[in-house]
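Source file: my_file23.tsv (TSV, C-alpha atoms and all ligand atoms)
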chain	number	residue	atom	x	y	z
A	1	MET	CA	-8.09	9.98	8.71
A	2	ILE	CA	-9.10	6.40	9.35
A	3	THR	CA	-6.05	4.28	8.68
A	4	ALA	CA	-5.88	0.74	7.37
A	5	GLU	CA	-3.41	-1.85	6.11
A	6	ARG	CA	-3.89	-4.46	3.42
A	7	LYS	CA	-4.34	-7.99	4.71
A	8	SER	CA	-1.73	-10.60	3.82
A	9	MET	CA	-1.98	-12.06	0.33
A	10	GLU	CA	-2.35	-15.51	1.86
A	11	GLU	CA	-5.48	-14.46	3.73
A	12	LEU	CA	-6.89	-12.63	0.70
A	13	ILE	CA	-6.24	-15.51	-1.67
A	14	ASN	CA	-7.96	-17.89	0.76
A	15	CYS	CA	-11.01	-15.72	1.14
A	16	VAL	CA	-11.57	-15.09	-2.59
A	17	SER	CA	-10.71	-18.63	-3.73
A	18	PRO	CA	-14.30	-19.94	-3.65
A	19	TYR	CA	-15.41	-17.29	-6.16
A	20	ARG	CA	-14.86	-16.95	-9.88
A	21	ARG	CA	-16.08	-13.38	-10.49
A	22	LEU	CA	-14.95	-10.79	-8.00
A	23	LEU	CA	-15.87	-7.13	-7.63
A	24	LEU	CA	-12.96	-5.28	-6.02
A	25	VAL	CA	-14.10	-1.98	-4.56
A	26	GLY	CA	-11.81	0.81	-3.39
A	27	CYS	CA	-12.59	4.11	-1.70
A	28	ASN	CA	-11.35	7.56	-2.62
A	29	GLU	CA	-11.15	8.93	0.91
A	30	CYS	CA	-9.08	7.97	3.99
A	31	VAL	CA	-7.79	4.64	2.65
A	32	THR	CA	-6.52	6.43	-0.46
A	33	VAL	CA	-4.54	8.86	1.67
A	34	CYS	CA	-3.02	6.10	3.79
A	35	SER	CA	-2.22	4.04	0.67
A	36	ALA	CA	-4.34	1.08	1.73
A	37	GLY	CA	-7.36	0.99	-0.54
A	38	GLY	CA	-7.51	3.75	-3.15
A	39	ARG	CA	-7.51	3.36	-6.92
A	40	LYS	CA	-3.79	2.50	-7.04
A	41	GLU	CA	-4.02	-0.15	-4.35
A	42	VAL	CA	-7.09	-1.61	-6.02
A	43	ALA	CA	-5.16	-1.93	-9.30
A	44	LEU	CA	-2.18	-3.49	-7.53
A	45	LEU	CA	-4.23	-6.03	-5.59
A	46	SER	CA	-6.19	-6.87	-8.73
A	47	SER	CA	-2.95	-7.45	-10.62
A	48	ALA	CA	-1.56	-9.65	-7.82
A	49	LEU	CA	-4.71	-11.77	-7.55
A	50	GLN	CA	-4.92	-12.22	-11.31
A	51	LEU	CA	-1.27	-13.27	-11.50
A	52	HIS	CA	-1.79	-15.76	-8.68
A	53	PHE	CA	-4.88	-17.38	-10.20
A	54	MET	CA	-3.31	-17.40	-13.69
A	55	LYS	CA	-0.47	-19.38	-12.16
A	56	GLU	CA	-2.96	-21.75	-10.55
A	57	GLY	CA	-4.74	-22.10	-13.89
A	58	LYS	CA	-7.99	-21.16	-12.17
A	59	PRO	CA	-10.61	-19.16	-14.09
A	60	PHE	CA	-10.90	-15.85	-12.32
A	61	GLU	CA	-12.43	-12.55	-13.35
A	62	ILE	CA	-12.04	-9.36	-11.45
A	63	LYS	CA	-13.69	-6.00	-11.92
A	64	GLU	CA	-12.21	-2.91	-10.26
A	65	ILE	CA	-14.16	0.11	-9.12
A	66	THR	CA	-13.24	2.88	-6.70
A	67	LEU	CA	-16.09	4.82	-5.13
A	68	GLU	CA	-15.91	8.42	-3.98
A	69	ARG	CA	-16.85	7.32	-0.44
A	70	GLN	CA	-17.82	3.81	0.55
A	71	CYS	CA	-19.41	4.93	3.82
A	72	ASP	CA	-22.13	6.96	2.06
A	73	PRO	CA	-25.17	5.16	0.66
A	74	GLU	CA	-25.46	7.39	-2.41
A	75	TYR	CA	-22.02	6.35	-3.63
A	76	VAL	CA	-22.51	2.68	-2.73
A	77	GLU	CA	-25.58	2.81	-4.96
A	78	GLU	CA	-23.22	3.08	-7.95
A	79	LEU	CA	-22.42	-0.59	-7.45
A	80	VAL	CA	-25.93	-1.57	-8.60
A	81	ALA	CA	-24.69	-1.60	-12.19
A	82	HIS	CA	-21.91	-4.09	-11.37
A	83	ILE	CA	-23.12	-6.24	-8.51
A	84	ASP	CA	-25.01	-8.85	-10.55
A	85	SER	CA	-21.98	-9.78	-12.59
A	86	ALA	CA	-20.00	-10.62	-9.43
A	87	ASP	CA	-20.13	-13.66	-7.15
A	88	ALA	CA	-18.64	-11.72	-4.24
A	89	VAL	CA	-17.31	-8.31	-3.27
A	90	LEU	CA	-13.86	-7.61	-1.84
A	91	SER	CA	-13.76	-4.14	-0.31
A	92	MET	CA	-10.59	-2.14	0.25
A	93	ALA	CA	-12.36	0.52	2.35
A	94	CYS	CA	-12.30	0.74	6.13
A	95	GLY	CA	-14.77	-1.35	8.09
A	96	CYS	CA	-17.45	1.34	7.65
A	97	GLY	CA	-17.34	1.00	3.87
A	98	VAL	CA	-17.42	-2.80	3.98
A	99	GLN	CA	-20.51	-2.66	6.19
A	100	GLU	CA	-22.29	-0.19	3.92
A	101	ILE	CA	-21.89	-2.58	0.99
A	102	ALA	CA	-23.03	-5.52	3.13
A	103	ARG	CA	-26.10	-3.56	4.26
A	104	ARG	CA	-27.05	-2.50	0.73
A	105	PHE	CA	-26.43	-5.83	-1.04
A	106	LYS	CA	-27.77	-8.42	1.37
A	107	GLU	CA	-27.43	-11.44	-0.94
A	108	LYS	CA	-23.79	-10.81	-1.82
A	109	PRO	CA	-20.86	-12.04	0.26
A	110	VAL	CA	-18.72	-9.03	1.14
A	111	MET	CA	-15.18	-9.42	2.49
A	112	PRO	CA	-12.67	-6.90	3.84
A	113	ALA	CA	-9.33	-6.63	2.05
A	114	VAL	CA	-7.79	-4.37	4.70
A	115	ASN	CA	-7.49	-4.32	8.46
A	116	THR	CA	-8.84	-1.01	9.76
A	117	LYS	CA	-6.41	0.29	12.37
A	118	PHE	CA	-6.97	3.70	13.96
A	119	MET	CA	-7.71	7.40	13.53
A	120	GLY	CA	-4.39	9.01	12.82
A	121	ALA	CA	-2.24	11.47	10.96
A	122	SER	CA	0.66	11.24	8.51
A	123	GLU	CA	4.00	11.63	10.30
A	124	ARG	CA	5.90	11.58	7.03
A	125	GLN	CA	5.64	9.86	3.65
A	126	GLY	CA	4.57	6.28	4.30
A	127	VAL	CA	4.20	6.61	8.09
A	128	TRP	CA	0.90	7.06	9.94
A	129	ALA	CA	0.44	7.33	13.70
A	130	GLU	CA	-2.52	7.07	16.04
A	131	ARG	CA	-3.89	10.40	17.26
A	132	CYS	CA	-7.48	10.08	18.47
A	133	ALA	CA	-9.48	7.30	20.08
A	134	GLY	CA	-12.89	8.92	19.56
A	135	CYS	CA	-13.62	9.22	23.27
A	136	GLY	CA	-16.56	11.53	22.66
A	137	ASP	CA	-15.45	14.17	25.17
A	138	CYS	CA	-12.35	15.86	23.86
A	139	VAL	CA	-9.77	17.14	26.35
A	140	LEU	CA	-7.19	18.45	23.89
A	141	GLY	CA	-7.87	22.01	25.11
A	142	LEU	CA	-6.51	21.02	28.54
A	143	THR	CA	-3.60	18.95	27.32
A	144	GLY	CA	-1.79	21.27	24.97
A	145	GLY	CA	-3.25	19.62	21.88
A	146	VAL	CA	-1.79	16.18	22.62
A	147	CYS	CA	-4.27	13.38	23.28
A	148	PRO	CA	-3.61	11.41	26.49
A	149	ILE	CA	-6.09	8.71	25.52
A	150	ALA	CA	-4.85	7.82	22.07
A	151	ARG	CA	-1.18	8.59	22.70
A	152	CYS	CA	-0.49	7.53	26.29
A	153	SER	CA	-0.10	3.75	26.39
A	154	LYS	CA	-2.01	3.62	29.67
A	155	GLN	CA	-4.60	6.26	28.76
A	156	LEU	CA	-3.65	8.18	31.91
A	157	MET	CA	-5.61	11.37	32.51
A	158	ASN	CA	-3.06	12.67	35.02
A	159	GLY	CA	0.29	11.48	33.82
A	160	PRO	CA	3.04	10.77	33.45
A	161	CYS	CA	3.48	7.42	35.10
A	162	GLY	CA	6.77	6.38	36.68
A	163	GLY	CA	7.89	4.74	33.45
A	164	SER	CA	8.45	7.92	31.50
A	165	THR	CA	12.17	8.12	30.68
A	166	LYS	CA	13.92	10.80	28.65
A	167	GLY	CA	10.71	11.58	26.84
A	168	LYS	CA	10.01	7.97	25.91
A	169	CYS	CA	7.30	5.59	27.07
A	170	GLU	CA	8.21	2.52	29.09
A	171	VAL	CA	5.97	0.37	26.92
A	172	ASP	CA	8.20	0.90	23.88
A	173	PRO	CA	11.20	3.23	23.50
A	174	GLU	CA	9.92	4.08	20.00
A	175	ILE	CA	6.85	5.72	21.52
A	176	ASP	CA	7.08	9.33	22.69
A	177	CYS	CA	5.66	9.70	26.21
A	178	ALA	CA	2.40	11.55	25.61
A	179	TRP	CA	2.60	13.24	29.02
A	180	GLN	CA	6.10	14.51	28.30
A	181	LEU	CA	4.74	15.98	25.06
A	182	ILE	CA	1.82	17.51	26.96
A	183	TRP	CA	4.14	19.04	29.56
A	184	ASP	CA	6.55	20.41	26.94
A	185	ARG	CA	3.73	21.98	24.97
A	186	LEU	CA	2.04	23.52	28.03
A	187	LYS	CA	5.37	24.93	29.13
A	188	ALA	CA	6.01	26.45	25.70
A	189	LEU	CA	2.54	28.00	25.79
A	190	GLY	CA	3.03	29.37	29.32
A	191	MET	CA	0.04	27.31	30.42
A	192	THR	CA	1.59	25.03	33.05
A	193	GLU	CA	-1.27	25.85	35.43
A	194	LYS	CA	-3.41	23.54	33.25
A	195	TYR	CA	-1.13	20.70	34.21
A	196	GLU	CA	-1.76	21.34	37.89
A	197	GLU	CA	-5.51	20.83	37.46
A	198	ASN	CA	-6.36	17.26	38.35
A	199	MET	CA	-8.57	15.73	35.75
A	200	PRO	CA	-11.42	13.66	37.18
A	201	ALA	CA	-11.84	10.03	36.19
A	202	LYS	CA	-13.11	9.91	32.65
A	203	ASP	CA	-16.70	9.03	31.94
A	204	TRP	CA	-16.31	6.40	29.25
A	205	ARG	CA	-20.01	6.40	28.42
A	206	THR	CA	-19.32	9.12	25.85
A	207	GLY	CA	-16.96	6.65	24.21
A	208	ARG	CA	-17.64	2.99	23.52
A	209	GLY	CA	-18.69	2.45	27.15
A	210	ALA	CA	-22.42	2.79	26.45
A	211	GLY	CA	-22.60	0.72	23.29
A	212	PRO	CA	-22.66	1.81	19.63
A	213	ARG	CA	-23.05	5.56	19.24
A	214	LYS	CA	-25.08	7.68	16.92
A	215	ILE	CA	-25.08	11.38	16.07
A	216	VAL	CA	-28.40	12.96	15.14
A	217	ARG	CA	-28.48	16.50	13.85
A	218	GLU	CA	-32.16	17.39	14.16
A	219	ASP	CA	-31.83	20.30	11.72
A	220	LEU	CA	-30.43	18.02	9.03
A	221	ALA	CA	-32.03	14.65	9.72
B	1	MET	CA	12.63	-25.31	-22.11
B	2	GLU	CA	15.99	-25.31	-23.89
B	3	ASN	CA	14.59	-22.93	-26.49
B	4	PHE	CA	13.03	-20.73	-23.88
B	5	GLN	CA	13.60	-17.08	-24.76
B	6	PRO	CA	12.62	-15.02	-21.75
B	7	VAL	CA	10.86	-11.71	-22.18
B	8	ILE	CA	12.53	-9.14	-19.95
B	9	VAL	CA	11.17	-5.66	-19.34
B	10	ALA	CA	13.72	-3.10	-18.17
B	11	PHE	CA	12.54	0.25	-16.86
B	12	CYS	CA	15.54	2.52	-17.44
B	13	CYS	CA	15.85	6.09	-16.30
B	14	HIS	CA	16.54	8.69	-18.95
B	15	TYR	CA	19.59	10.19	-17.25
B	16	CYS	CA	21.64	7.13	-16.37
B	17	ALA	CA	20.63	3.62	-17.34
B	18	TYR	CA	19.04	4.57	-20.66
B	19	THR	CA	22.08	6.63	-21.58
B	20	ALA	CA	24.26	3.70	-20.50
B	21	ALA	CA	22.25	1.52	-22.93
B	22	ASP	CA	22.98	4.08	-25.64
B	23	MET	CA	26.63	3.96	-24.69
B	24	ALA	CA	26.58	0.15	-24.94
B	25	GLY	CA	25.09	0.54	-28.40
B	26	SER	CA	27.64	3.03	-29.65
B	27	LYS	CA	30.44	0.86	-28.28
B	28	ARG	CA	28.95	-2.09	-30.21
B	29	LEU	CA	28.64	-4.07	-27.00
B	30	HIS	CA	26.36	-7.04	-27.31
B	31	TYR	CA	23.42	-7.56	-25.00
B	32	PRO	CA	20.45	-9.93	-25.43
B	33	ALA	CA	17.51	-8.86	-27.55
B	34	ASN	CA	15.29	-10.36	-24.85
B	35	VAL	CA	15.57	-7.12	-22.90
B	36	LYS	CA	12.83	-4.66	-23.86
B	37	ILE	CA	13.71	-1.22	-22.59
B	38	ILE	CA	11.10	1.23	-21.39
B	39	ARG	CA	12.55	4.67	-20.88
B	40	VAL	CA	11.23	6.57	-17.87
B	41	PRO	CA	12.09	10.12	-16.79
B	42	CYS	CA	13.29	8.78	-13.43
B	43	THR	CA	13.06	5.36	-11.77
B	44	GLY	CA	11.02	7.11	-9.08
B	45	LYS	CA	8.25	7.09	-11.71
B	46	VAL	CA	8.13	3.29	-11.73
B	47	SER	CA	5.38	2.08	-9.42
B	48	ALA	CA	4.76	-1.38	-8.07
B	49	LEU	CA	1.86	-1.60	-10.51
B	50	HIS	CA	4.11	-1.09	-13.56
B	51	MET	CA	6.24	-4.06	-12.50
B	52	MET	CA	3.25	-6.26	-11.62
B	53	GLU	CA	1.44	-5.48	-14.86
B	54	ALA	CA	4.54	-6.25	-16.92
B	55	LEU	CA	4.54	-9.72	-15.35
B	56	ARG	CA	0.80	-10.15	-15.66
B	57	LYS	CA	1.00	-9.30	-19.35
B	58	GLY	CA	3.56	-12.00	-19.91
B	59	ALA	CA	7.05	-10.79	-19.04
B	60	ASP	CA	9.26	-13.43	-17.41
B	61	GLY	CA	11.41	-10.92	-15.57
B	62	VAL	CA	11.42	-7.21	-14.84
B	63	TYR	CA	14.17	-4.91	-13.73
B	64	VAL	CA	14.48	-1.28	-12.87
B	65	ALA	CA	17.77	0.44	-13.68
B	66	GLY	CA	18.55	3.87	-12.32
B	67	CYS	CA	21.42	6.13	-11.40
B	68	LEU	CA	24.12	5.26	-8.87
B	69	GLU	CA	23.21	5.83	-5.25
B	70	GLY	CA	23.31	9.53	-4.46
B	71	ASP	CA	23.38	10.48	-8.14
B	72	CYS	CA	19.68	10.54	-8.95
B	73	HIS	CA	18.81	13.50	-11.15
B	74	PHE	CA	15.73	14.00	-9.00
B	75	ARG	CA	17.58	13.36	-5.72
B	76	SER	CA	15.90	10.24	-4.40
B	77	GLY	CA	13.98	8.59	-7.26
B	78	ASN	CA	16.35	5.62	-7.37
B	79	THR	CA	16.18	4.92	-3.63
B	80	ARG	CA	12.39	5.09	-3.77
B	81	ALA	CA	12.43	2.72	-6.74
B	82	ALA	CA	14.66	0.30	-4.81
B	83	ARG	CA	12.13	0.25	-1.98
B	84	ARG	CA	9.30	-0.42	-4.42
B	85	VAL	CA	11.24	-3.25	-6.01
B	86	ALA	CA	11.70	-4.75	-2.53
B	87	TYR	CA	7.93	-4.40	-1.95
B	88	VAL	CA	7.11	-6.13	-5.24
B	89	LYS	CA	9.59	-8.94	-4.48
B	90	LYS	CA	7.73	-9.64	-1.25
B	91	LEU	CA	4.36	-9.48	-2.99
B	92	LEU	CA	5.54	-11.90	-5.69
B	93	ASP	CA	6.82	-14.30	-3.05
B	94	GLU	CA	3.46	-14.13	-1.31
B	95	ILE	CA	1.50	-15.01	-4.45
B	96	GLY	CA	3.82	-17.82	-5.48
B	97	ILE	CA	5.41	-16.17	-8.53
B	98	GLY	CA	8.77	-15.62	-6.84
B	99	GLY	CA	10.42	-12.32	-5.95
B	100	GLU	CA	13.64	-13.15	-7.82
B	101	ARG	CA	11.90	-12.22	-11.07
B	102	VAL	CA	12.28	-8.52	-10.28
B	103	GLU	CA	15.49	-6.66	-9.53
B	104	MET	CA	16.93	-3.18	-9.10
B	105	PHE	CA	20.24	-2.09	-10.63
B	106	CYS	CA	22.20	1.13	-10.47
B	107	MET	CA	24.64	2.50	-13.03
B	108	SER	CA	25.93	5.80	-14.34
B	109	ALA	CA	25.39	7.13	-17.85
B	110	GLY	CA	28.95	6.19	-18.82
B	111	MET	CA	28.68	2.53	-17.76
B	112	GLY	CA	27.85	0.94	-21.10
B	113	GLU	CA	29.69	-2.25	-20.13
B	114	VAL	CA	27.74	-2.54	-16.89
B	115	PHE	CA	24.49	-2.09	-18.79
B	116	ALA	CA	25.35	-4.86	-21.26
B	117	ARG	CA	26.62	-7.19	-18.54
B	118	THR	CA	23.58	-6.58	-16.32
B	119	ALA	CA	21.22	-7.27	-19.23
B	120	SER	CA	23.04	-10.53	-20.06
B	121	GLU	CA	23.28	-11.74	-16.47
B	122	PHE	CA	19.66	-10.98	-15.66
B	123	THR	CA	18.48	-12.67	-18.84
B	124	GLU	CA	20.50	-15.77	-17.94
B	125	LYS	CA	19.12	-15.76	-14.42
B	126	ILE	CA	15.53	-15.65	-15.70
B	127	ARG	CA	16.34	-18.28	-18.32
B	128	SER	CA	17.47	-20.61	-15.55
B	129	LEU	CA	14.35	-19.83	-13.49
B	130	GLY	CA	12.18	-20.76	-16.45
B	131	PRO	CA	9.08	-19.03	-17.81
B	132	ASN	CA	6.82	-16.87	-15.66
B	133	PRO	CA	4.61	-19.51	-13.96
B	134	ALA	CA	1.49	-17.41	-14.63
B	135	ARG	CA	2.27	-17.38	-18.34
B	136	VAL	CA	2.83	-21.13	-18.42
B	137	ALA	CA	-0.43	-21.96	-16.69
B	138	ASP	CA	-2.62	-19.49	-18.55
B	139	PRO	CA	-3.20	-20.53	-22.17
B	140	ALA	CA	-4.72	-17.13	-22.96
B	141	CYS	CA	-1.44	-15.42	-22.21
B	142	THR	CA	0.80	-15.12	-25.25
B	143	GLY	CA	3.73	-13.37	-23.66
B	144	THR	CA	3.05	-10.12	-25.45
B	145	ALA	CA	-0.26	-8.81	-24.20
B	146	CYS	CA	-3.04	-10.78	-22.64
A	301	LIG	S1	-9.44	13.49	23.92
A	301	LIG	FE1	-10.87	12.05	22.98
A	301	LIG	S2	-11.74	13.12	21.22
A	301	LIG	FE2	-9.93	14.30	21.90
A	301	LIG	S3	-8.27	13.49	20.61
A	301	LIG	FE3	-8.26	12.26	22.48
A	301	LIG	S4	-9.57	10.49	22.08
A	301	LIG	FE4	-9.94	12.02	20.48
A	302	LIG	S1	5.49	6.55	29.89
A	302	LIG	FE1	4.20	8.28	29.29
A	302	LIG	S2	3.02	7.51	27.48
A	302	LIG	FE2	3.94	5.72	28.50
A	302	LIG	S3	2.32	5.01	29.84
A	302	LIG	FE3	3.63	6.39	31.10
A	302	LIG	S4	2.67	8.39	30.91
A	302	LIG	FE4	1.77	7.13	29.28
Turn the structure described in the file into structure tokens.
Ligand code: SF4
Ligand code: SF4
Amino acid sequence: MITAERKSMEELINCVSPYRRLLLVGCNECVTVCSAGGRKEVALLSSALQLHFMKEGKPFEIKEITLERQCDPEYVEELVAHIDSADAVLSMACGCGVQEIARRFKEKPVMPAVNTKFMGASERQGVWAERCAGCGDCVLGLTGGVCPIARCSKQLMNGPCGGSTKGKCEVDPEIDCAWQLIWDRLKALGMTEKYEENMPAKDWRTGRGAGPRKIVREDLA
Amino acid sequence: MENFQPVIVAFCCHYCAYTAADMAGSKRLHYPANVKIIRVPCTGKVSALHMMEALRKGADGVYVAGCLEGDCHFRSGNTRAARRVAYVKKLLDEIGIGGERVEMFCMSAGMGEVFARTASEFTEKIRSLGPNPARVADPACTGTAC
């Protein structure tokens, strides 16, 4: 999933302060799963903003709506019924959702309520960790299912570096050394010969190296 | 301000704190009528939103009362609730309402005295803090439902 974290209340209060009528829009997908911007978080942020502005004695109206997916135009279209009664939109979706609203409703200020972080997985209740950096040329088949780009601090293709100690990364002892994980997994699979293959320098053009990317499926487009 | 009667919402779990309130009642122990009890199956059911909405709708203070540590009927509901209370405290500090208006307490079903004392002490604490600043500033808010 794409993970995100709510911005500080100070930042949010500052950015919505100029407006009287706010449309707060959540998303039912990734940000719901990582507890950043689903229906519940929308209700909580709405409650907090209302309490704050009540205390300030400032007139403030907020309307809450959570879309099935904010990154799909057909769902964003549902906002047509609500957009005119709002001075601005505060989106709790990832950056993709915020941009879809901004693209559809050109005259409306749209602000992000969350900081979009990374593509990750749940480690346990309330904890999410980075797993994939979207490099566009997946090597997980060679690395025992552990990503050296997203999970090695130095994005080494032929690790580990000299800083790997007792399974931990030198950058932070809280981080598991990705190359230790790769080695352990390959060993368990009886596939250590994969480790001996030197991986060539990565061609980053499949990633962000060649500018914004696009996928076109001719049969569907 | 002298006549200020705070409205306190107490989310009490069925198995411990609510039963302790019952115990306080049957022992004829006095506790302030300011405390409005909402019985929940487990404090783990109480979300941050329940606490925030209680304040937004005019409560001056909110507390969550569950079982003693390690004694939750559903294993960890009370420890989860304690973490949510801590989260709401931080949120309330951030929006200028003040985190001291919410609290978590633990007690067993037999602790009628603790229930009554907790209710009195928390009410006094909120009385000394004064009314919920959102309620004071918003004329539309009556303290019951707004
Ligand atoms: S190798 Fe690339 S595509 Fe595969 S998980 Fe890592 S970053 Fe993602
Ligand atoms: S210690 Fe391991 S994870 Fe950290 S930079 Fe070196 S190889 Fe990568």
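The chain B residues that come within 7 Å of chain A are Leu49, Met52, Glu53, Arg56, Glu94, Ile95, Gly96, Pro133, Ala134, Ala137 and Asp138 of chain B, with only C-alpha atoms taken into account.
Taking CA of Val25 (chain A) and CA of Arg135 (chain B) as endpoints, the distance between them is 26.4 Å.
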Please write out the residues within 6 Å of ligand LIG 301 (chain A) as a compact mmCIF listing (two decimals) with C-alpha atoms, keeping the file's coordinate frame, counting only C-alpha atoms and all ligand atoms.
# COMPACT_ATOMS: atom_id res chain seq x y z
CA CYS A 132 -7.48 10.08 18.47
CA ALA A 133 -9.48 7.30 20.08
CA GLY A 134 -12.89 8.92 19.56
CA CYS A 135 -13.62 9.22 23.27
CA GLY A 136 -16.56 11.53 22.66
CA ASP A 137 -15.45 14.17 25.17
CA CYS A 138 -12.35 15.86 23.86
CA VAL A 139 -9.77 17.14 26.35
CA LEU A 140 -7.19 18.45 23.89
CA CYS A 147 -4.27 13.38 23.28
CA ILE A 149 -6.09 8.71 25.52
CA ALA A 150 -4.85 7.82 22.07
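Atom to atom, CA of Met107 (chain B) and CA of Ala24 (chain B) stand 12.3 Å apart.
Those protein and nucleic acid residues that have any atom within 7 Å of ligand LIG 302 (chain A) are, using only C-alpha atoms and all ligand atoms, Arg151, Cys152, Ser153, Lys154, Gln155, Leu156, Gly159, Pro160, Cys161, Gly162, Gly163, Ser164, Thr165, Lys168, Cys169, Glu170, Val171, Asp176, Cys177, Ala178, Trp179 and Gln180 of chain A.
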Which polymer residues have any atom within 6 Å of an atom of Thr43 (chain B), counting all atoms listed in the file, with same-chain residues fewer than 6 positions away left out, as a ChimeraX atom specification?
-> /B:13,66,77-78,81
Please provide as a ChimeraX atom specification all residues within 9 Å of Asn158 (chain A), with the sequence filter that same-chain residues fewer than 4 positions apart are discarded (counting all atoms listed in the file).
-> /A:148,179,195,197-200
C-alpha atoms of the current selection, written as a PDB file, keeping the file's coordinate frame:
ATOM      1  CA  PRO A 148      -3.610  11.410  26.490  1.00  0.00           C
ATOM      2  CA  TRP A 179       2.600  13.240  29.020  1.00  0.00           C
ATOM      3  CA  TYR A 195      -1.130  20.700  34.210  1.00  0.00           C
ATOM      4  CA  GLU A 197      -5.510  20.830  37.460  1.00  0.00           C
ATOM      5  CA  ASN A 198      -6.360  17.260  38.350  1.00  0.00           C
ATOM      6  CA  MET A 199      -8.570  15.730  35.750  1.00  0.00           C
ATOM      7  CA  PRO A 200     -11.420  13.660  37.180  1.00  0.00           C
TER       8      PRO A 200
END
Contact residues around Glu113 (chain B) with only C-alpha atoms at 10 Å, ignoring same-chain residues under 4 positions, as a list in words = Ala20, Ala21, Met23, Ala24, Gly25, Lys27, Leu29, His30, Tyr31, Met107, Arg117, Thr118 and Ala119 of chain B
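By all atoms listed in the file, and with residues fewer than 4 positions from Glu124 (chain B) along its chain excluded, the set lying at most 10 Å from it is Gln5, Pro6, Pro32, Thr118, Ala119, Ser120, Ser128, Leu129 and Gly130 of chain B.
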With distances taken over all atoms listed in the file, the candidate from A:Glu174, A:Leu142, A:Ala221, A:Lys63 nearest Lys194 (chain A) is A:Leu142
What separation in Å, quoted to one decimal, exists between CA of Ala121 (chain A) and CA of Gly144 (chain A)?
-> 17.1 Å
